[in-house]
Structures are given as C-alpha cells and as structure tokens.
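All remarks here apply to the structure that follows.
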Amino acid sequence: MPLYSEKVMDHFRNPRNVGVIEDADGVGEVGNAKCGDIMKIYLKIDDDVITDVKFETFGCGSAIASSSMATELIKGKPVAEAMELTNKAVAEALDGLPDYKMHCSVLAEEAIKNALDDYYEKKAKKAGQPDKTEQ
Amino acid sequence: MNIYADNAATTKMSRAAVEAMLPYMEDYYGNPSSLYSFGQRAREAVESARKSIAECIGADPRGIVFTSGGSEADNQAILSAAALGKKNGKTHIISDEIEHHAVLHTLKKLEREGFRVTYLPVHSDGVVRTEELEAAIREDTCLVTVMYANNEIGTLQPVREIGKICRERKILFHTDAVQAVGHLPIDVESEYIDMLSASAHKFHGPKGTGFLYARKGIRLTNLIEGGAQERGRRAGTENVPGIMGMAAALAESVRDMEENAKRAAALRDRLIKGLAAIPHSALNGDPIKRLPSNVSFCFEGIEGESLLLLLDDKGICASSGSACTSGSLDPSHVLLAIGRVHDVAHGSLRLTLGDDATEEQVDYIIQSVKDVVEYLRGFSPVWRDLCAGKAQFIL
C-alpha cells in the first residue's frame with residue numbers, strides 16, 4: 001500500500017496556489033524549521049471574501065499537499081466560512097492522511113486562521129478601532 | 001531511468017546467492033539436526049558455509065553463530081558482554097553517538113538495568129577519537145561497542161586502533177560491521193575484534209539471515225531458548241537456504257571487493273562533486289574515511305521527505321534522515337551528532353550506489369537532485385527568508 005492517497009500525491013506533485021501575494025491583506029505563518037514544517041499563507045480579501053490565496057511550505061509531502069488543499073478549500077469563500085475550516089476537513093478532502101501525518105493538516109488549519117487573524121487585525125487598525133480580533 | 005541508490009538499506013541478491021539457496025529449498029530440505037543422511041547433508045552444507053564465512057573475516061569457524069540478521073547479532077553480542085561483565089562486577093560500557101538503534105536500544109535497556117554507558121562524541125567528521133576512548137575507560141568497563149562503518153553517513157571508525165586499546169586493557173570489543181562486511185577487507189585477528197555483527201542482505205545475500213562472530217572463550221548469552229543448535233548459543237532450526245545464500249554472497253563480495261570498491265569510490269566522488277555544486281549544501285561525514293558507496297548530503301531550506309518523493313517520481317530510490325521519513329519528530333541522531341542543527345538535518349539525502357552503478361546514472365542523479373532541490377526551494381518560506389537576509393545561512 002502506498003504511503004499516501006492519490007489525492008495527496010496529486011496535490012503534492014501539482015500543488016495549487018503556490019507563491020506569494022506581495023500586497024496581501026492577511027499573512028499567516030506557523031511551524032518552525034526545527035520541527036521540519038513551516039507553512040506561510042497569503043490572503044487577498046475583498047468585501048470579506050477571499051479572492052486570492054497563495055502558500056509557501058517547507059515540509060514533507062503531506063505538509064505540501066495539506067497547504068495546497070487548504071488553500072483550495074477557502075478560495076472564493078467568505079472569511080467567516082474560511083474561519084470554520086478544520087484540519088479534519090483538509091485531511092478528508094485529501095482522502096485521508098496517515099495518523100502520524102495528521103499534524104500537517106492541523107498546521108494548514110492554523111496557518112489559515114493565522115492569516116485570517118492578521119487580516120482582522122489589519123482591518124481593525126485601518127478602521128482606527130481597537131483590535132477586535134476573535135481568537 | 002530507474003536507479004536503485006539505497007544499497008545501505010538492502011541490496012539485490014546475487015545470482016550466486018539465489019543459486020546456492022535453491023537446492024536447499026527444493027532438494028536437500030532435511031533438518032540439519034536429523035540423524036539420517038538426508039538431514040546430515042544439510043548439516044554438512046551449513047558447516048561448509050560456516051567455514052567459508054569465517055574465512056572471509058579471518059575467523060575460527062567455531063566463532064560464527066548464525067542469527068536472523070544484524071540486529072539479533074548486535075543484541076546478543078552486547079547482552080552477552082554485559083552478562084559477563086556483571087558477573088565480575090563490571091557494569092560500564094563505552095559506545096558512541098552514531099550507533100545503529102539495534103545497539104543504542106540494547107544499551108538503553110541495559111542502562112535501565114543499572115549499567116552505565118558512555119557515548120563517545122564523533123565530531124563533525126563522524127569519526128570517534130581513540131584518545132577520547134582511552135579517557136573514557138574505567139576500572140569497571142566491560143565492553144566497548146563501536147560500529148565499523150556508519151549506515152547513514154558512511155564514516156569508518158578506527159576499528160583496529162580501538163581493538164588494540166581494548167585488547168591491552170582486557171576489555172571486550174564488539175563492532176557492528178553490518179555496513180562493512182563484504183564491502184571492506186576485515187580480519188578479526190589483526191583488528192583485535194572480539195565480536196562482530198553482520199547481515200546477509202547488505203552484501204547481496206538474503207534477508208532474515210546474519211551472523212555473530214564471537215572469539216573463542218567468550219560465553220554467549222542465549223537470546224532464544226529451545227534447542228542445542230549453534231552449539232547451544234542460538235536455538236531454532238537453522239535457516240539452511242539463508243545460510244547457504246549468505247555464504248555464497250559473501251564469498252563473491254569478498255572476491256570482487258577490491259574492484260567493486262575502486263569503481264564505487266570513483267562514482268561516489270563524482271556524485272559528491274556534482275551535489276556539492278548545489279548552493280548551500282554540505283557533505284555529511286568525512287570525505288575520505290567513508291564507505292566506497294556512501295554519499296550523504298544536507299540541503300538547506302528543504303525537507304527530506306519531499307525530496308525523496310520527487311526523486312522517486314524520477315525513478316531514483318534514495319533515503320533521508322529527516323523526521324518525516326522516520327515517523328518521529330526528531331531528525332536522525334547521526335546527523336545531530338555530527339553537529340547538523342535540526343533545520344538542516346531535515347533536508348538530508350542518502351544515496352548508496354550499487355556495484356552496477358554507472359557514470360550516466362550518477363550524472364542523472366546529480367541533475368535530478370539539482371532540479372528537485374531548486375523546485376522545492378522555489379516555494380519554501382525558509383529559503384525565502386534565507387535569501388532575503390532575514391535568517392542566516394548555516395551551510
């Protein structure tokens with residue numbers, strides 16, 4: 001039996017939404033090189049809708065595939081909906097991950113929430129209001 | 001192009017080994033312990049294999065105990081020396097930081113039972129220093145266990161010097177020679193080796209077969225009870241086909257050793273030179289004191305498992321010491337021991353060439369690794385930060 005599902009391998013080999021958004025409205029970064037996984041998510045948001053998303057990942061096959069799938073799941077979605085994304089949903093969309101790789105999907109969820117938090121913070125600042133970030 | 005470059009993991013069986021095994025599966029399948037001549041035919045075969053194997057390492061055939069492989073041999077050697085030491089009130093063992101887990105986990109078990117273990121450092125070149133070994137020896141040291149050649153970074157240890165020190169101090173010396181037997185000339189007498197572990201599938205023999213050599217007079221602790229096979233040192237009906245395959249494979253490996261080693265070393269050096277041209281990369285382990293077929297590198301800014309998967313897509317079988325390939329969170333203890341920090345150790349690659357490797361294959365590997373490393377760095381946030389000067393390059 002192969003280590004990864006065909007879906008994982010597809011998103012690993014042909015990752016969607018790879019890259020950087022220079023004028024991103026929200027940027028999130030989680031993990032550290034010591035543990036072997038870092039994910040960085042860039043969001044472009046108009047009227048509270050995610051119009052574009054890009055990612056960069058340092059990590060194993062499932063980390064790259066999880067980032068790719070997570071970006072696909074939130075692209076074009078309202079931010080409130082993206083905030084509901086769970087690691088389980090990412091793993092399921094990839095037709096499952098090996099148990100010891102589930103933390104990759106957790107990182108993807110966290111990276112996206114991190115980027116959304118950044119967006120809310122920036123938005124609050126722009127409006128000249130105190131930070132109302134929902135944690 | 002399909003290239004198997006993971007010969008430190010396992011090797012293809014040689015034709016000679018397969019042919020040596022077949023008669024003992026199909027025709028002479030008798031039990032070597034049976035009295036009748038049909039069984040005794042198998043007995044004779046096993047004893048001739050023992051003699052042939054012993055000759056390959058300059059040993060007395062009576063010192064060869066057939067096991068299920070290198071791990072069992074390591075376990076038995078260390079536990080035997082520990083039992084002998086304990087009897088004499090000696091409970092200190094010296095080893096090093098880059099041993100195989102078959103050695104390290106056995107030592108951990110002994111530590112839980114009250115033994116003290118000193119793990120010698122191996123420095124950035126991956127080699128033990130004999131003066132540090134001498135300094136670590138105590139009144140109650142009963143065993144020194146240092147591997148012949150490392151499985152990950154290929155470095156060779158000063159086995160003869162270590163053996164000599166141990167012999168002078170009357171301390172047992174065991175060496176895990178799993179990566180060396182069949183690839184490097186070994187002579188247990190002139191290298192003062194008291195115990196040695198080997199595994200057949202590392203030198204083109206079958207899996208599930210290996211041997212332990214123990215010098216005459218060393219009483220071995222039985223790990224498996226149940227019969228008088230192997231002169232009471234290892235119960236269980238002998239793996240006759242496996243033993244025959246191992247003997248044939250070893251004889252052939254030793255016969256062709258010089259030629260193979262010379263060829264492999266030239267290809268290895270070509271591969272090292274090619275991979276070293278990748279920016280921010282580094283060879284792991286000493287460039288000269290290493291196995292003729294081992295190439296181990298770290299590449300900054302990428303992770304090893306992704307590298308392996310993409311190389312697999314290009315038809316290259318390789319391995320890595322990254323955490324993600326081991327199922328644990330820490331990268332290889334060997335890479336950490338030679339001073340590679342976590343960030344860099346995750347981006348490691350081990351290529352171990354076979355006897356049939358060609359220059360064309362080596363060049364294909366170099367190009368493939370270059371392409372894959374560049375591709376992965378292209379969307380690595382670590383690499384971006386390094387290039388932007390937000391983090392310092394380590395390599």
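Each chain in the structure tokens gets a letter, A, B and so on, in the order shown; residues start at 1 in every chain, and ligands are counted from 1 in the order they appear.
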
Closest atom pairs, chain A residues within 9 Å of chain B, only C-alpha atoms, as a Markdown table:
```
| residue | atom | partner | partner_atom | distance |
| --- | --- | --- | --- | --- |
| A:Phe12 | CA | B:Ser306 | CA | 8.4 |
| A:Arg13 | CA | B:Leu310 | CA | 7.7 |
| A:Val18 | CA | B:Phe379 | CA | 6.8 |
| A:Gly19 | CA | B:Phe379 | CA | 6.3 |
| A:Val20 | CA | B:Phe379 | CA | 8.6 |
| A:Asn32 | CA | B:Asp343 | CA | 8.4 |
| A:Ala33 | CA | B:Asp343 | CA | 4.9 |
| A:Lys34 | CA | B:Asp343 | CA | 4.8 |
| A:Cys35 | CA | B:Leu329 | CA | 6.3 |
| A:Gly36 | CA | B:His346 | CA | 6.0 |
| A:Asp37 | CA | B:Glu303 | CA | 8.0 |
| A:Ile38 | CA | B:Pro381 | CA | 7.1 |
| A:Met39 | CA | B:Pro381 | CA | 7.3 |
| A:Lys40 | CA | B:Pro381 | CA | 6.7 |
| A:Phe55 | CA | B:Phe379 | CA | 7.8 |
| A:Glu56 | CA | B:Phe379 | CA | 4.9 |
| A:Thr57 | CA | B:Ser380 | CA | 5.0 |
| A:Phe58 | CA | B:Ser380 | CA | 4.7 |
| A:Gly59 | CA | B:Glu303 | CA | 5.1 |
| A:Cys60 | CA | B:Ser306 | CA | 4.9 |
| A:Gly61 | CA | B:Ser306 | CA | 4.9 |
| A:Ser62 | CA | B:Ser306 | CA | 8.6 |
| A:Ile64 | CA | B:Ser306 | CA | 8.3 |
| A:Tyr100 | CA | B:Gly327 | CA | 6.5 |
| A:Lys101 | CA | B:Cys324 | CA | 8.3 |
```

Distance query Glu6 in chain A at most 12 Å, only C-alpha atoms, self and fewer than 2 positions along chain excluded, as a list in words: Met1, Pro2, Leu3, Tyr4, Val8, Met9, Asp10, His11, Phe12, Arg13, Asn14, Gly61, Ser62, Ala65, Ala93, Leu94, Asp95, Gly96 and Leu97 of chain A

Neighbour list for Asp356 in chain B as a list in words, cut-off 12 Å, only C-alpha atoms, skip fewer than 4 positions in-chain: Ile3, Tyr4, Ala5, Asn7, Thr11, Lys12, Ser14, Glu259, Asn260, Ala261, Arg263, Ala264, Leu267, Ser293, Thr352, Glu360, Gln361 and Val362 of chain B

Just want the 8 Å neighbourhood of range 80-90 of chain B, counted on only C-alpha atoms, with same-chain residues fewer than 5 positions away dropped. Output as a PyMOL selection string. chain B and resi 110+139-143+172+219-221

Contact residues around Gly242 in chain B with only C-alpha atoms at 7 Å, ignoring same-chain residues under 2 positions, as number ranges by chain: B: 21, 206, 209, 239-240, 244-246

Take the residues from that selection and put them in a file with N, CA and C atoms, as an mmCIF file, in the first residue's frame.
```cif
data_model
loop_
_atom_site.group_PDB
_atom_site.id
_atom_site.type_symbol
_atom_site.label_atom_id
_atom_site.label_comp_id
_atom_site.auth_asym_id
_atom_site.auth_seq_id
_atom_site.Cartn_x
_atom_site.Cartn_y
_atom_site.Cartn_z
ATOM 1 N N MET B 21 20.939 -21.127 -2.786
ATOM 2 C CA MET B 21 19.803 -21.392 -1.897
ATOM 3 C C MET B 21 18.858 -22.456 -2.433
ATOM 4 N N PRO B 206 20.455 -13.070 1.247
ATOM 5 C CA PRO B 206 19.022 -12.988 1.549
ATOM 6 C C PRO B 206 18.732 -12.212 2.834
ATOM 7 N N THR B 209 18.805 -13.188 7.492
ATOM 8 C CA THR B 209 19.952 -14.028 7.822
ATOM 9 C C THR B 209 21.154 -13.151 8.147
ATOM 10 N N ASN B 239 18.363 -21.737 9.400
ATOM 11 C CA ASN B 239 17.814 -21.248 8.129
ATOM 12 C C ASN B 239 18.781 -21.702 7.033
ATOM 13 N N VAL B 240 18.676 -22.963 6.681
ATOM 14 C CA VAL B 240 19.684 -23.540 5.783
ATOM 15 C C VAL B 240 19.803 -22.801 4.444
ATOM 16 N N MET B 244 23.130 -20.695 3.267
ATOM 17 C CA MET B 244 23.843 -21.025 2.022
ATOM 18 C C MET B 244 23.935 -19.795 1.113
ATOM 19 N N GLY B 245 22.829 -19.044 1.064
ATOM 20 C CA GLY B 245 22.814 -17.832 0.245
ATOM 21 C C GLY B 245 23.792 -16.798 0.790
ATOM 22 N N MET B 246 23.827 -16.673 2.098
ATOM 23 C CA MET B 246 24.729 -15.707 2.728
ATOM 24 C C MET B 246 26.187 -16.065 2.433
#
```

Just list as a VMD selection string whatever in range 32-79 of chain A DSSP marks as strand (DSSP E or B). chain A and resid 32 37 to 46 49 to 58 78

Considering only C-alpha atoms, return as a PyMOL selection string whatever protein or nucleic-acid residues lie within 9 Å of Asn31 in chain B, sequence-local ones (same chain, fewer than 2 positions apart) excluded. chain B and resi 28-29+33-35+38-43+237-238+240

Write out the residues from the selection above, keeping C-alpha atoms, as a JSON list (two decimals), in the first residue's frame.
```json
[["chain", "number", "residue", "atom", "x", "y", "z"],
["B", 28, "TYR", "CA", 18.07, -31.07, 0.34],
["B", 29, "TYR", "CA", 15.43, -29.73, 2.66],
["B", 33, "SER", "CA", 19.67, -31.90, 13.38],
["B", 34, "SER", "CA", 18.26, -35.13, 11.95],
["B", 35, "LEU", "CA", 20.31, -38.26, 12.27],
["B", 38, "PHE", "CA", 19.37, -36.73, 4.23],
["B", 39, "GLY", "CA", 19.47, -34.42, 7.26],
["B", 40, "GLN", "CA", 23.21, -34.72, 7.60],
["B", 41, "ARG", "CA", 23.59, -33.48, 4.06],
["B", 42, "ALA", "CA", 22.05, -30.19, 5.21],
["B", 43, "ARG", "CA", 24.30, -30.25, 8.29],
["B", 237, "THR", "CA", 16.27, -24.97, 13.23],
["B", 238, "GLU", "CA", 18.94, -23.37, 11.09],
["B", 240, "VAL", "CA", 19.68, -23.54, 5.78]]
```

With a distance cut-off of 10 Å and only C-alpha atoms, select the neighbouring residues of Asp46 in chain A, excluding the residue or stretch itself and same-chain residues fewer than 2 positions from it, and output the selection as a list of chain:residue names. A:Asp25, A:Leu43, A:Lys44, A:Asp48, A:Val49, A:Ile50, A:Thr51, A:Asp52, A:Gly76, A:Pro78, A:Val79

When distances are computed from only C-alpha atoms, which of B:Glu55, B:Glu19, B:Asp286, B:Asp6 shows the smallest separation from Ala249 in chain B?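 Closest residue, counting only C-alpha atoms: B:Glu19.
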
My list of candidates is B:Glu300, B:Glu26, B:Asp187, B:Glu258. Which is closest to Ser281 in chain B when distances are computed with only C-alpha atoms?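 Ranked by minimum distance to Ser281 in chain B, first place goes to B:Glu300.
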
Nearest to Ile338 in chain B among B:Asp96, B:Val122, B:Glu152, B:Arg231, with distances taken over only C-alpha atoms: which residue is it?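 That would be B:Val122, the residue with the smallest distance to Ile338 in chain B.
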
Tell me, which residues of range 51-233 of chain B carry DSSP helix (DSSP H, G or I), written as a short mmCIF file (atom, residue, chain, number, x, y, z; two decimals) with N, CA and C atoms, in the first residue's frame?
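Contents of out.cif, as written:
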```cif
data_model
loop_
_atom_site.label_atom_id
_atom_site.label_comp_id
_atom_site.auth_asym_id
_atom_site.auth_seq_id
_atom_site.Cartn_x
_atom_site.Cartn_y
_atom_site.Cartn_z
N LYS B 51 32.37 -22.34 7.55
CA LYS B 51 33.81 -22.29 7.30
C LYS B 51 34.13 -21.19 6.29
N SER B 52 33.32 -21.16 5.23
CA SER B 52 33.53 -20.18 4.17
C SER B 52 33.37 -18.75 4.70
N ILE B 53 32.35 -18.54 5.51
CA ILE B 53 32.10 -17.21 6.07
C ILE B 53 33.24 -16.82 7.01
N ALA B 54 33.65 -17.77 7.84
CA ALA B 54 34.74 -17.49 8.79
C ALA B 54 36.00 -17.06 8.05
N GLU B 55 36.28 -17.75 6.96
CA GLU B 55 37.48 -17.41 6.17
C GLU B 55 37.43 -15.97 5.66
N CYS B 56 36.23 -15.52 5.31
CA CYS B 56 36.07 -14.17 4.76
C CYS B 56 36.44 -13.08 5.75
N PRO B 61 35.98 -20.89 12.43
CA PRO B 61 34.57 -21.19 12.14
C PRO B 61 33.72 -21.41 13.39
N ARG B 62 34.34 -21.92 14.44
CA ARG B 62 33.57 -22.18 15.67
C ARG B 62 33.06 -20.89 16.32
N GLY B 63 33.63 -19.78 15.88
CA GLY B 63 33.20 -18.50 16.45
C GLY B 63 32.00 -17.89 15.75
N GLY B 70 21.52 -8.74 11.46
CA GLY B 70 22.44 -7.88 12.19
C GLY B 70 21.89 -7.43 13.54
N SER B 71 20.61 -7.14 13.59
CA SER B 71 20.03 -6.65 14.85
C SER B 71 20.13 -7.71 15.94
N GLU B 72 19.80 -8.95 15.60
CA GLU B 72 19.90 -10.02 16.59
C GLU B 72 21.35 -10.19 17.04
N ALA B 73 22.27 -10.14 16.10
CA ALA B 73 23.68 -10.30 16.43
C ALA B 73 24.14 -9.19 17.38
N ASP B 74 23.72 -7.95 17.08
CA ASP B 74 24.08 -6.82 17.96
C ASP B 74 23.53 -7.04 19.37
N ASN B 75 22.26 -7.42 19.42
CA ASN B 75 21.64 -7.67 20.73
C ASN B 75 22.39 -8.73 21.51
N GLN B 76 22.68 -9.84 20.83
CA GLN B 76 23.32 -10.96 21.53
C GLN B 76 24.73 -10.61 21.98
N ALA B 77 25.47 -9.92 21.14
CA ALA B 77 26.85 -9.56 21.50
C ALA B 77 26.86 -8.67 22.73
N ILE B 78 26.02 -7.65 22.71
CA ILE B 78 26.04 -6.66 23.81
C ILE B 78 25.50 -7.27 25.10
N LEU B 79 24.41 -8.01 24.99
CA LEU B 79 23.84 -8.61 26.20
C LEU B 79 24.78 -9.67 26.79
N SER B 80 25.50 -10.37 25.92
CA SER B 80 26.45 -11.37 26.40
C SER B 80 27.59 -10.71 27.16
N ALA B 81 28.15 -9.65 26.56
CA ALA B 81 29.27 -8.95 27.21
C ALA B 81 28.82 -8.32 28.52
N ALA B 82 27.58 -7.83 28.53
CA ALA B 82 27.06 -7.21 29.76
C ALA B 82 26.90 -8.26 30.85
N ALA B 83 26.39 -9.44 30.48
CA ALA B 83 26.20 -10.52 31.46
C ALA B 83 27.54 -10.95 32.04
N LEU B 84 28.55 -11.06 31.17
CA LEU B 84 29.89 -11.44 31.62
C LEU B 84 30.47 -10.37 32.54
N GLY B 85 30.26 -9.12 32.15
CA GLY B 85 30.77 -8.01 32.95
C GLY B 85 30.13 -7.98 34.33
N LYS B 86 28.84 -8.14 34.34
CA LYS B 86 28.09 -8.06 35.61
C LYS B 86 28.59 -9.12 36.60
N LYS B 87 28.89 -10.30 36.04
CA LYS B 87 29.39 -11.39 36.88
C LYS B 87 30.67 -10.97 37.62
N HIS B 101 20.30 1.73 15.88
CA HIS B 101 19.38 1.55 17.02
C HIS B 101 19.43 0.15 17.62
N ALA B 102 19.85 -0.83 16.84
CA ALA B 102 19.96 -2.19 17.39
C ALA B 102 20.97 -2.19 18.54
N VAL B 103 21.97 -1.33 18.46
CA VAL B 103 22.96 -1.18 19.53
C VAL B 103 22.43 -0.20 20.58
N LEU B 104 21.99 0.96 20.13
CA LEU B 104 21.56 2.00 21.08
C LEU B 104 20.39 1.56 21.96
N HIS B 105 19.42 0.91 21.36
CA HIS B 105 18.26 0.49 22.17
C HIS B 105 18.63 -0.63 23.14
N THR B 106 19.56 -1.48 22.74
CA THR B 106 20.02 -2.53 23.66
C THR B 106 20.76 -1.89 24.83
N LEU B 107 21.56 -0.88 24.53
CA LEU B 107 22.29 -0.18 25.59
C LEU B 107 21.32 0.54 26.53
N LYS B 108 20.27 1.12 25.97
CA LYS B 108 19.26 1.81 26.80
C LYS B 108 18.62 0.81 27.76
N LYS B 109 18.36 -0.38 27.24
CA LYS B 109 17.78 -1.43 28.08
C LYS B 109 18.72 -1.74 29.24
N LEU B 110 20.01 -1.86 28.93
CA LEU B 110 20.99 -2.15 29.99
C LEU B 110 21.09 -0.99 30.98
N GLU B 111 20.96 0.22 30.48
CA GLU B 111 21.00 1.38 31.40
C GLU B 111 19.86 1.31 32.40
N ARG B 112 18.69 0.88 31.93
CA ARG B 112 17.55 0.74 32.84
C ARG B 112 17.81 -0.34 33.89
N THR B 130 40.33 8.05 19.30
CA THR B 130 40.81 7.00 20.20
C THR B 130 41.26 7.55 21.55
N GLU B 131 41.80 8.79 21.56
CA GLU B 131 42.22 9.34 22.86
C GLU B 131 41.01 9.58 23.77
N GLU B 132 39.88 9.88 23.15
CA GLU B 132 38.67 10.06 23.96
C GLU B 132 38.14 8.71 24.46
N LEU B 133 38.37 7.69 23.65
CA LEU B 133 38.00 6.35 24.10
C LEU B 133 38.86 5.98 25.31
N GLU B 134 40.18 6.19 25.17
CA GLU B 134 41.09 5.83 26.28
C GLU B 134 40.72 6.56 27.56
N ALA B 135 40.35 7.83 27.41
CA ALA B 135 40.00 8.63 28.59
C ALA B 135 38.69 8.15 29.23
N ALA B 136 37.85 7.50 28.43
CA ALA B 136 36.55 7.07 28.95
C ALA B 136 36.61 5.72 29.65
N VAL B 159 38.80 1.09 13.73
CA VAL B 159 38.49 -0.18 14.40
C VAL B 159 39.74 -0.86 14.97
N ARG B 160 40.79 -0.93 14.16
CA ARG B 160 41.98 -1.63 14.62
C ARG B 160 42.58 -0.95 15.86
N GLU B 161 42.64 0.36 15.83
CA GLU B 161 43.19 1.10 16.97
C GLU B 161 42.32 0.90 18.21
N ILE B 162 41.01 0.93 18.00
CA ILE B 162 40.10 0.73 19.13
C ILE B 162 40.28 -0.68 19.68
N GLY B 163 40.36 -1.66 18.75
CA GLY B 163 40.53 -3.05 19.16
C GLY B 163 41.80 -3.26 19.96
N LYS B 164 42.88 -2.59 19.52
CA LYS B 164 44.17 -2.75 20.19
C LYS B 164 44.09 -2.20 21.63
N ILE B 165 43.49 -1.05 21.76
CA ILE B 165 43.35 -0.45 23.09
C ILE B 165 42.55 -1.38 24.00
N CYS B 166 41.48 -1.92 23.46
CA CYS B 166 40.63 -2.81 24.26
C CYS B 166 41.37 -4.08 24.66
N ARG B 167 42.12 -4.63 23.70
CA ARG B 167 42.85 -5.87 23.99
C ARG B 167 43.88 -5.62 25.10
N GLU B 168 44.58 -4.49 25.01
CA GLU B 168 45.59 -4.16 26.03
C GLU B 168 44.95 -3.96 27.41
N ALA B 200 23.30 -10.52 6.05
CA ALA B 200 23.50 -11.01 4.68
C ALA B 200 22.93 -10.09 3.61
N HIS B 201 21.78 -9.46 3.87
CA HIS B 201 21.13 -8.71 2.78
C HIS B 201 21.85 -7.40 2.47
N LYS B 202 22.87 -7.06 3.24
CA LYS B 202 23.64 -5.86 2.93
C LYS B 202 24.76 -6.17 1.93
N PHE B 203 25.04 -7.47 1.73
CA PHE B 203 26.06 -7.82 0.74
C PHE B 203 25.52 -8.82 -0.29
N GLN B 229 20.94 -26.07 18.88
CA GLN B 229 21.55 -25.61 17.63
C GLN B 229 22.60 -24.56 17.91
N GLU B 230 23.50 -24.39 16.99
CA GLU B 230 24.59 -23.41 17.13
C GLU B 230 25.34 -23.62 18.45
N ARG B 231 25.60 -24.87 18.76
CA ARG B 231 26.30 -25.24 20.00
C ARG B 231 25.68 -24.58 21.22
N GLY B 232 24.36 -24.57 21.23
CA GLY B 232 23.63 -24.06 22.39
C GLY B 232 23.60 -22.55 22.49
#
```

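The space separating CA of Lys262 in chain B from CA of Ala357 in chain B comes to 12.4 Å.
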